[in-house]
$ cat final_25.txt   # compact mmCIF, C-alpha atoms and all ligand atoms
# COMPACT_ATOMS: atom_id res chain seq x y z
CA MET A 9 -17.47 -6.68 -26.41
CA THR A 10 -15.69 -3.42 -25.61
CA PRO A 11 -12.36 -4.21 -23.99
CA LEU A 12 -11.95 -2.75 -20.52
CA VAL A 13 -8.69 -1.46 -19.16
CA GLU A 14 -8.68 -2.01 -15.39
CA LEU A 15 -6.89 0.92 -13.78
CA ARG A 16 -8.90 1.17 -10.54
CA SER A 17 -6.37 -0.67 -8.38
CA ASP A 18 -3.55 -3.20 -8.34
CA THR A 19 -5.81 -5.26 -6.04
CA PHE A 20 -7.55 -6.45 -9.22
CA THR A 21 -4.53 -8.59 -10.14
CA LEU A 22 -5.46 -12.26 -10.54
CA PRO A 23 -3.37 -15.16 -9.18
CA THR A 24 -0.82 -16.59 -11.64
CA GLU A 25 -0.81 -20.16 -12.96
CA SER A 26 2.17 -20.84 -10.74
CA MET A 27 0.22 -19.61 -7.68
CA ARG A 28 -2.76 -21.80 -8.49
CA ARG A 29 -0.51 -24.85 -8.82
CA ALA A 30 1.26 -24.06 -5.54
CA MET A 31 -2.09 -23.53 -3.80
CA ALA A 32 -3.41 -26.89 -5.01
CA ALA A 33 -0.29 -28.69 -3.80
CA ALA A 34 0.19 -26.78 -0.51
CA GLU A 35 0.96 -28.78 2.61
CA VAL A 36 -1.33 -27.41 5.35
CA GLY A 37 -2.25 -27.64 9.04
CA ASP A 38 -4.19 -25.64 11.63
CA ASP A 39 -2.48 -22.26 11.78
CA VAL A 40 -4.32 -21.14 14.94
CA TRP A 41 -2.46 -24.07 16.54
CA ASP A 42 0.65 -22.80 14.71
CA GLU A 43 0.87 -26.06 12.75
CA ASP A 44 0.69 -24.98 9.11
CA PRO A 45 4.05 -25.68 7.44
CA THR A 46 3.36 -23.47 4.41
CA ILE A 47 2.44 -20.54 6.66
CA HIS A 48 5.70 -21.14 8.54
CA ARG A 49 7.69 -21.02 5.31
CA LEU A 50 5.99 -17.82 4.19
CA GLN A 51 6.51 -16.15 7.57
CA GLU A 52 10.18 -17.09 7.65
CA ARG A 53 10.77 -15.95 4.09
CA ALA A 54 8.92 -12.66 4.56
CA ALA A 55 10.80 -11.87 7.77
CA GLU A 56 14.11 -12.57 6.06
CA MET A 57 13.26 -10.41 3.05
CA VAL A 58 12.46 -7.35 5.16
CA GLY A 59 15.23 -8.06 7.67
CA LYS A 60 13.12 -8.73 10.78
CA GLU A 61 13.20 -11.55 13.37
CA ALA A 62 9.69 -12.79 12.66
CA SER A 63 6.53 -12.15 10.69
CA LEU A 64 2.84 -12.96 10.73
CA PHE A 65 0.43 -13.74 7.89
CA VAL A 66 -2.73 -11.62 8.21
CA PRO A 67 -5.90 -11.59 6.09
CA SER A 68 -5.56 -7.93 5.08
CA GLY A 69 -3.30 -4.91 5.28
CA THR A 70 -5.88 -3.14 7.40
CA MET A 71 -5.76 -5.93 9.99
CA GLY A 72 -1.95 -5.96 9.84
CA ASN A 73 -1.79 -2.23 10.57
CA LEU A 74 -4.33 -2.52 13.38
CA CYS A 75 -2.46 -5.45 14.97
CA ALA A 76 0.70 -3.33 14.85
CA LEU A 77 -0.96 -0.30 16.41
CA LEU A 78 -2.46 -2.44 19.19
CA SER A 79 0.84 -4.21 19.85
CA HIS A 80 2.88 -1.01 20.01
CA THR A 81 0.59 1.22 22.10
CA GLU A 82 -1.67 1.62 25.15
CA PRO A 83 -5.19 3.09 24.96
CA GLY A 84 -5.16 6.87 25.37
CA GLU A 85 -1.92 7.37 23.49
CA GLU A 86 -1.52 9.51 20.40
CA VAL A 87 -0.23 8.11 17.11
CA LEU A 88 1.46 10.41 14.58
CA VAL A 89 0.32 9.73 11.00
CA GLU A 90 0.54 11.55 7.71
CA GLY A 91 -2.64 13.51 6.92
CA GLU A 92 -3.62 11.47 3.86
CA SER A 93 -2.28 8.18 5.17
CA HIS A 94 -4.25 4.98 4.69
CA ILE A 95 -4.37 4.46 8.46
CA PHE A 96 -5.99 7.88 8.94
CA HIS A 97 -8.13 7.93 5.83
CA SER A 98 -9.14 4.40 4.93
CA GLU A 99 -9.14 2.10 7.95
CA VAL A 100 -12.55 2.97 9.40
CA ALA A 101 -11.02 4.61 12.51
CA GLY A 102 -10.10 1.15 13.82
CA ALA A 103 -7.21 2.63 15.79
CA SER A 104 -9.71 4.76 17.74
CA VAL A 105 -12.57 2.27 17.94
CA VAL A 106 -10.57 -0.81 18.86
CA GLY A 107 -7.32 0.65 20.17
CA GLY A 108 -8.61 3.70 22.07
CA LEU A 109 -5.97 5.70 20.23
CA GLN A 110 -5.99 9.28 19.00
CA LEU A 111 -4.63 9.71 15.51
CA ARG A 112 -2.77 12.96 14.91
CA PRO A 113 -2.50 13.78 11.19
CA LEU A 114 0.54 15.75 9.96
CA GLU A 115 0.10 17.44 6.58
CA THR A 116 2.64 17.13 3.77
CA PRO A 117 2.51 17.94 0.07
CA ASP A 118 3.87 14.58 -1.06
CA GLY A 119 3.54 12.07 1.77
CA ARG A 120 7.08 12.68 3.04
CA MET A 121 6.97 14.02 6.59
CA GLN A 122 9.95 16.06 7.73
CA PRO A 123 11.93 15.02 10.82
CA GLU A 124 11.49 18.52 12.31
CA GLN A 125 7.74 18.32 11.73
CA VAL A 126 7.57 15.06 13.65
CA ARG A 127 9.79 16.38 16.44
CA ALA A 128 7.51 19.40 16.83
CA ALA A 129 4.44 17.17 17.09
CA ILE A 130 5.72 15.09 19.99
CA ARG A 131 3.77 15.79 23.19
CA GLU A 132 5.42 17.27 26.25
CA PRO A 133 4.83 15.48 29.55
CA ASP A 134 1.69 17.31 30.64
CA ILE A 135 -1.41 16.16 32.51
CA HIS A 136 -3.61 17.59 29.73
CA GLN A 137 -2.02 15.78 26.81
CA PRO A 138 -2.17 12.26 25.45
CA PRO A 139 1.36 10.85 25.39
CA THR A 140 2.81 10.25 21.93
CA GLY A 141 3.08 6.49 21.56
CA LEU A 142 3.90 5.71 17.94
CA LEU A 143 4.95 7.15 14.60
CA CYS A 144 3.46 5.62 11.42
CA LEU A 145 5.09 6.03 8.02
CA GLU A 146 3.65 5.00 4.65
CA ASN A 147 5.83 3.82 1.73
CA THR A 148 4.83 4.10 -1.03
CA HIS A 149 2.36 6.78 -0.02
CA ASN A 150 -0.90 5.88 -1.69
CA ARG A 151 -3.07 9.02 -1.62
CA ARG A 152 -0.14 11.36 -2.19
CA GLY A 153 0.60 9.74 -5.55
CA GLY A 154 2.47 6.49 -4.89
CA THR A 155 5.49 8.48 -3.72
CA CYS A 156 8.59 6.86 -2.18
CA LEU A 157 10.35 7.48 1.10
CA SER A 158 14.08 6.81 0.73
CA GLY A 159 16.17 4.79 3.16
CA ALA A 160 17.80 7.96 4.46
CA GLN A 161 14.44 9.68 4.99
CA THR A 162 13.09 6.60 6.79
CA GLU A 163 16.15 6.56 9.00
CA ALA A 164 15.94 10.26 9.87
CA LEU A 165 12.24 10.05 10.73
CA SER A 166 12.72 6.88 12.78
CA ALA A 167 15.59 8.45 14.71
CA VAL A 168 13.29 11.26 15.90
CA ALA A 169 10.81 8.73 17.30
CA HIS A 170 13.46 6.51 18.83
CA ASP A 171 15.22 9.47 20.46
CA ALA A 172 11.90 10.39 22.07
CA GLY A 173 11.41 6.79 23.25
CA PHE A 174 8.58 5.45 21.07
CA PRO A 175 8.56 3.02 18.12
CA VAL A 176 7.87 3.37 14.40
CA HIS A 177 5.47 1.32 12.28
CA LEU A 178 5.74 1.34 8.50
CA ASP A 179 2.58 0.87 6.45
CA GLY A 180 4.49 -0.64 3.57
CA ALA A 181 1.49 -1.98 1.66
CA ARG A 182 3.56 -1.26 -1.50
CA VAL A 183 7.06 -1.13 -0.01
CA PHE A 184 8.37 -3.46 -2.75
CA ASN A 185 7.21 -0.91 -5.33
CA ALA A 186 9.30 1.65 -3.45
CA ALA A 187 12.35 -0.63 -3.32
CA VAL A 188 12.13 -1.39 -7.05
CA ALA A 189 11.59 2.27 -7.97
CA LEU A 190 14.50 3.43 -5.81
CA GLY A 191 16.67 0.50 -6.93
CA VAL A 192 17.53 -0.54 -3.38
CA ASP A 193 17.20 -3.69 -1.28
CA VAL A 194 13.88 -3.40 0.56
CA ARG A 195 15.79 -3.81 3.85
CA GLN A 196 17.11 -0.27 3.45
CA LEU A 197 13.49 0.88 3.74
CA THR A 198 12.43 -1.50 6.51
CA GLY A 199 15.63 -1.64 8.58
CA PRO A 200 15.12 1.62 10.49
CA VAL A 201 11.52 0.90 11.56
CA ASP A 202 10.33 -1.41 14.35
CA SER A 203 7.57 -3.05 12.35
CA VAL A 204 6.37 -3.19 8.77
CA MET A 205 3.18 -4.36 7.09
CA PHE A 206 3.19 -5.16 3.38
CA CYS A 207 0.51 -6.53 1.06
CA LEU A 208 0.83 -9.69 -1.01
CA SER A 209 -2.54 -8.98 -2.60
CA LYS A 210 -1.73 -5.84 -4.59
CA GLY A 211 0.97 -5.55 -7.26
CA LEU A 212 2.45 -8.85 -6.09
CA SER A 213 -0.72 -10.54 -7.40
CA ALA A 214 -1.55 -12.97 -4.58
CA PRO A 215 -5.30 -13.42 -4.11
CA VAL A 216 -5.35 -12.71 -0.34
CA GLY A 217 -3.13 -11.60 2.48
CA SER A 218 -0.55 -9.29 3.98
CA MET A 219 2.50 -9.73 6.19
CA LEU A 220 3.35 -8.00 9.45
CA ALA A 221 7.02 -8.20 10.44
CA GLY A 222 9.04 -7.13 13.48
CA SER A 223 10.81 -8.47 16.55
CA ARG A 224 9.88 -11.89 17.93
CA ASP A 225 8.17 -10.27 20.97
CA PHE A 226 6.23 -7.87 18.79
CA ILE A 227 5.01 -10.68 16.52
CA GLU A 228 3.99 -12.78 19.54
CA ARG A 229 1.83 -9.89 20.78
CA SER A 230 0.47 -9.32 17.28
CA ARG A 231 -0.53 -12.97 17.02
CA ARG A 232 -2.80 -12.45 20.05
CA MET A 233 -4.19 -9.26 18.51
CA ARG A 234 -4.88 -11.04 15.23
CA LYS A 235 -6.81 -13.71 17.15
CA MET A 236 -8.77 -11.05 19.03
CA LEU A 237 -9.71 -9.36 15.76
CA GLY A 238 -10.95 -12.65 14.32
CA GLY A 239 -8.03 -13.13 11.97
CA GLY A 240 -6.90 -16.54 13.22
CA MET A 241 -7.24 -18.81 10.19
CA ARG A 242 -7.03 -22.58 9.93
CA GLN A 243 -5.56 -24.30 6.81
CA ALA A 244 -4.49 -20.92 5.46
CA GLY A 245 -1.36 -22.47 3.95
CA VAL A 246 -3.44 -22.67 0.78
CA LEU A 247 -3.24 -18.87 0.71
CA ALA A 248 0.33 -18.69 1.98
CA ALA A 249 1.45 -20.84 -0.97
CA ALA A 250 0.35 -18.06 -3.32
CA GLY A 251 2.09 -15.55 -1.07
CA LEU A 252 5.38 -17.42 -1.40
CA CYS A 253 5.09 -17.26 -5.21
CA ALA A 254 4.34 -13.55 -4.89
CA LEU A 255 7.57 -12.97 -2.98
CA GLU A 256 9.73 -15.18 -5.19
CA GLU A 257 8.33 -14.36 -8.61
CA MET A 258 6.49 -11.04 -8.59
CA VAL A 259 8.78 -8.40 -7.10
CA ASP A 260 11.10 -7.62 -10.01
CA ARG A 261 8.31 -7.24 -12.54
CA LEU A 262 6.91 -4.24 -10.62
CA ALA A 263 9.34 -2.19 -12.75
CA ASP A 264 7.02 -2.85 -15.74
CA ASP A 265 4.10 -1.31 -13.82
CA HIS A 266 6.19 1.77 -13.05
CA ARG A 267 7.17 2.16 -16.69
CA ASN A 268 3.53 1.82 -17.72
CA ALA A 269 2.38 4.40 -15.16
CA ARG A 270 4.88 6.91 -16.50
CA ARG A 271 3.77 6.19 -20.07
CA LEU A 272 0.16 6.69 -18.98
CA GLY A 273 0.90 9.96 -17.17
CA GLU A 274 2.86 11.33 -20.13
CA GLY A 275 0.19 10.23 -22.59
CA LEU A 276 -2.55 12.03 -20.69
CA GLN A 277 -0.64 15.27 -20.29
CA GLY A 278 -2.13 18.43 -21.73
CA LEU A 279 -5.82 17.51 -21.83
CA PRO A 280 -7.97 20.60 -21.27
CA GLY A 281 -9.18 20.85 -17.66
CA ILE A 282 -7.12 17.89 -16.43
CA ALA A 283 -3.97 18.46 -14.36
CA ILE A 284 -1.46 15.67 -13.83
CA ASP A 285 1.66 16.25 -11.74
CA LEU A 286 4.14 13.99 -13.54
CA ALA A 287 6.80 14.62 -10.91
CA ARG A 288 4.68 12.59 -8.48
CA VAL A 289 4.51 9.56 -10.77
CA GLU A 290 7.26 7.63 -8.99
CA THR A 291 5.73 4.14 -8.97
CA ASN A 292 2.53 2.55 -10.32
CA MET A 293 0.02 5.36 -9.78
CA VAL A 294 -1.14 8.35 -11.75
CA PHE A 295 -3.35 10.91 -10.02
CA GLY A 296 -5.14 13.70 -11.84
CA ASP A 297 -7.29 16.67 -10.91
CA CYS A 298 -10.33 17.74 -12.87
CA GLN A 299 -11.02 21.43 -13.10
CA PRO A 300 -14.42 22.43 -11.69
CA PRO A 301 -17.18 22.14 -12.76
CA LEU A 302 -15.99 18.76 -14.14
CA THR A 303 -16.07 16.39 -11.16
CA ALA A 304 -13.98 13.24 -10.84
CA ALA A 305 -17.20 11.18 -10.74
CA ALA A 306 -18.35 12.63 -14.09
CA PHE A 307 -14.91 12.12 -15.65
CA ILE A 308 -14.75 8.53 -14.35
CA GLU A 309 -18.20 7.80 -15.80
CA ARG A 310 -17.16 9.08 -19.23
CA CYS A 311 -13.97 7.03 -19.10
CA ARG A 312 -15.95 3.92 -18.15
CA GLU A 313 -18.13 4.37 -21.22
CA ALA A 314 -14.91 4.56 -23.25
CA GLY A 315 -13.66 1.30 -21.70
CA VAL A 316 -11.27 2.69 -19.11
CA LEU A 317 -11.87 2.03 -15.41
CA LEU A 318 -10.37 4.36 -12.82
CA ASP A 319 -10.89 5.23 -9.18
CA GLN A 320 -12.14 8.33 -7.41
CA ALA A 321 -9.84 9.89 -4.80
CA SER A 322 -11.93 12.96 -3.85
CA LEU A 323 -14.45 15.35 -5.38
CA TYR A 324 -12.14 16.44 -8.22
CA ARG A 325 -9.33 13.91 -7.90
CA TRP A 326 -9.03 10.53 -9.63
CA ARG A 327 -6.47 7.75 -9.61
CA MET A 328 -5.18 5.26 -12.17
CA VAL A 329 -3.08 2.28 -11.03
CA THR A 330 -1.00 0.04 -13.27
CA HIS A 331 -0.41 -3.62 -12.48
CA ARG A 332 0.26 -7.05 -13.98
CA GLY A 333 -3.16 -7.09 -15.68
CA VAL A 334 -2.33 -3.95 -17.68
CA ALA A 335 0.02 -4.37 -20.64
CA ALA A 336 1.75 -1.53 -22.48
CA ALA A 337 -0.83 -1.94 -25.30
CA ASP A 338 -3.62 -1.44 -22.74
CA VAL A 339 -1.97 1.75 -21.58
CA ASP A 340 -1.88 3.03 -25.17
CA TYR A 341 -5.51 2.03 -25.60
CA ALA A 342 -6.47 3.90 -22.43
CA ILE A 343 -4.55 7.01 -23.45
CA GLU A 344 -6.21 7.19 -26.85
CA ALA A 345 -9.67 6.38 -25.49
CA VAL A 346 -9.41 9.18 -22.90
CA ARG A 347 -7.87 11.65 -25.37
CA ARG A 348 -10.77 11.06 -27.74
CA LEU A 349 -13.21 12.06 -24.97
CA PHE A 350 -11.62 15.49 -25.19
CA GLY A 351 -11.70 15.57 -28.97
CA ALA A 352 -7.94 15.03 -29.11
CA PRO A 353 -7.14 12.93 -32.18
CA ALA A 354 -5.91 9.36 -31.76
CA THR A 355 -2.22 9.10 -32.54
CA ALA A 356 -1.97 5.30 -32.72
CA PRO A 357 -4.25 2.43 -33.74
CA LEU A 358 -6.44 1.25 -30.88
CA ARG A 359 -5.85 -2.24 -29.59
CA ALA A 360 -6.29 -3.63 -26.09
CA THR A 361 -5.14 -7.00 -24.86
CA GLY A 362 -8.12 -7.38 -22.51
C1 LIG A 401 -4.23 -1.24 0.47
C2 LIG A 401 -3.56 -0.52 1.56
C3 LIG A 401 -3.66 -0.94 2.89
C4 LIG A 401 -4.60 -2.01 3.39
O1 LIG A 401 -4.71 -3.14 2.69
P1 LIG A 401 -6.05 -4.04 2.64
O2 LIG A 401 -5.49 -5.37 2.38
O3 LIG A 401 -6.85 -3.48 1.54
O4 LIG A 401 -6.73 -3.95 3.96
C5 LIG A 401 -2.92 -0.26 3.83
N1 LIG A 401 -2.14 0.76 3.50
C6 LIG A 401 -2.03 1.21 2.25
C7 LIG A 401 -1.13 2.35 1.94
C8 LIG A 401 -2.74 0.59 1.23
O5 LIG A 401 -2.66 1.05 -0.01
$ encode --input "final_25.txt" --output "structure tokens"
Amino acid sequence: MTPLVELRSDTFTLPTESMRRAMAAAEVGDDVWDEDPTIHRLQERAAEMVGKEASLFVPSGTMGNLCALLSHTEPGEEVLVEGESHIFHSEVAGASVVGGLQLRPLETPDGRMQPEQVRAAIREPDIHQPPTGLLCLENTHNRRGGTCLSGAQTEALSAVAHDAGFPVHLDGARVFNAAVALGVDVRQLTGPVDSVMFCLSKGLSAPVGSMLAGSRDFIERSRRMRKMLGGGMRQAGVLAAAGLCALEEMVDRLADDHRNARRLGEGLQGLPGIAIDLARVETNMVFGDCQPPLTAAAFIERCREAGVLLDQASLYRWRMVTHRGVAAADVDYAIEAVRRLFGAPATAPLRATG
């Protein structure tokens, strides 16, 4: 069988042995009644790690973000988001459909909004305009390349919102990737914002779930929103047990994924008709642009035939994501397999771990 290198997403990570053992042994209760001890432990630990009063286990990052938007705003308000943000691009307009919110996208080259740009986008009191109700940040920024927002940048952006009297939500699906890449405690990235969502189910390898963290009041409101959205779960401590392993055992190893992404980006440099901006490879993602007429879909299909799976970002853009299921040898395999598609000679023997 041809070995496949799975580079479509870090959501393909499988639970570890340690997670499966913890799940089997988890002490559980009815979490809608707030009686699941393992959920309690996870929520306390997660809140402590990101430096917030409380947190809430949610089935997905999308639901976590939506709970946050609903808890922070009133219908008819405007929410400032980055133009390629996950909330704007990939959450099925839930903010508008469920929250009655208008999303206002602000364009950036690299996912890092400028404080002045945000200040200029804040609405004046005016009968014609929807009041600005929330600023959303994204760290790492997925569709802009897995780029990081530093603690200082997060602080400066949050100050603009706070000065104008509205809160800040951080879509931190991969905020631990950012903390590891920047070499800082994650609290430097979450401290300035009012709420943060992060995913257990991506690079941290848990099978299911995300955390939403913030003040006690905010989490109390979000708990109601989660129930309204159908996200109240019963003996979900079985899942929380894996989440606890993710937080205790899986954060530091994200550095391996970042090293592998860089190796991948460097190895794929210089192929004819493929542009990779290595400067954007800050964490576990490599984006590339095909030159027309070669479309991303056609490139992805050829890679699949060569045993390398990647994801489409837009008509000409593709994405590769490294994670625990991709070893350095798999990266080398992928590089050589893709280079051969372009007639570039293999430089190393081909061997994939699976
Ligand atoms: C994956 C992701 C989410 C949502 O997570 P799901 O669990 O897939 O709903 C939100 N924001 C960003 C930036 C993401 O990459």
$ atom_distance --input "final_25.txt" --atom1 "atom CA of A:Thr140" --atom2 "atom CA of A:Glu85"
5.8 Å
$ closest_residue --input "final_25.txt" --among "A:Val246, A:Cys156, A:Leu190, A:Ala304" --to "ligand LIG 401 (chain A)" --atoms "only C-alpha atoms and all ligand atoms"
A:Cys156
$ closest_residue --input "final_25.txt" --among "A:Met328, A:Ile308, A:Leu74, A:Ala33" --to "ligand LIG 401 (chain A)" --atoms "only C-alpha atoms and all ligand atoms"
A:Leu74
$ residues_near_ligand --input "final_25.txt" --ligand "ligand LIG 401 (chain A)" --cutoff "8 Å" --atoms "all atoms listed in the file" --output "PyMOL selection string"
chain A and resi 19+67-73+93-95+98-99+146-151+179-182+206-207+209-210+216-218
$ closest_residue --input "final_25.txt" --among "A:Ala248, A:Ala314, A:Leu15, A:Leu323" --to "A:Asp297" --atoms "all atoms listed in the file"
A:Leu323
$ residues_around --input "final_25.txt" --residues "A:Ala128" --least-positions-apart "5" --cutoff "12 Å" --atoms "only C-alpha atoms" --output "number ranges by chain"
A: 88, 114, 121-123, 140, 168-169, 172
$ write_last_selection --input "final_25.txt" --atoms "C-alpha atoms" --output "PDB file, keeping the file's coordinate frame"
ATOM      1  CA  LEU A  88       1.460  10.410  14.580  1.00  0.00           C
ATOM      2  CA  LEU A 114       0.540  15.750   9.960  1.00  0.00           C
ATOM      3  CA  MET A 121       6.970  14.020   6.590  1.00  0.00           C
ATOM      4  CA  GLN A 122       9.950  16.060   7.730  1.00  0.00           C
ATOM      5  CA  PRO A 123      11.930  15.020  10.820  1.00  0.00           C
ATOM      6  CA  THR A 140       2.810  10.250  21.930  1.00  0.00           C
ATOM      7  CA  VAL A 168      13.290  11.260  15.900  1.00  0.00           C
ATOM      8  CA  ALA A 169      10.810   8.730  17.300  1.00  0.00           C
ATOM      9  CA  ALA A 172      11.900  10.390  22.070  1.00  0.00           C
TER      10      ALA A 172
END
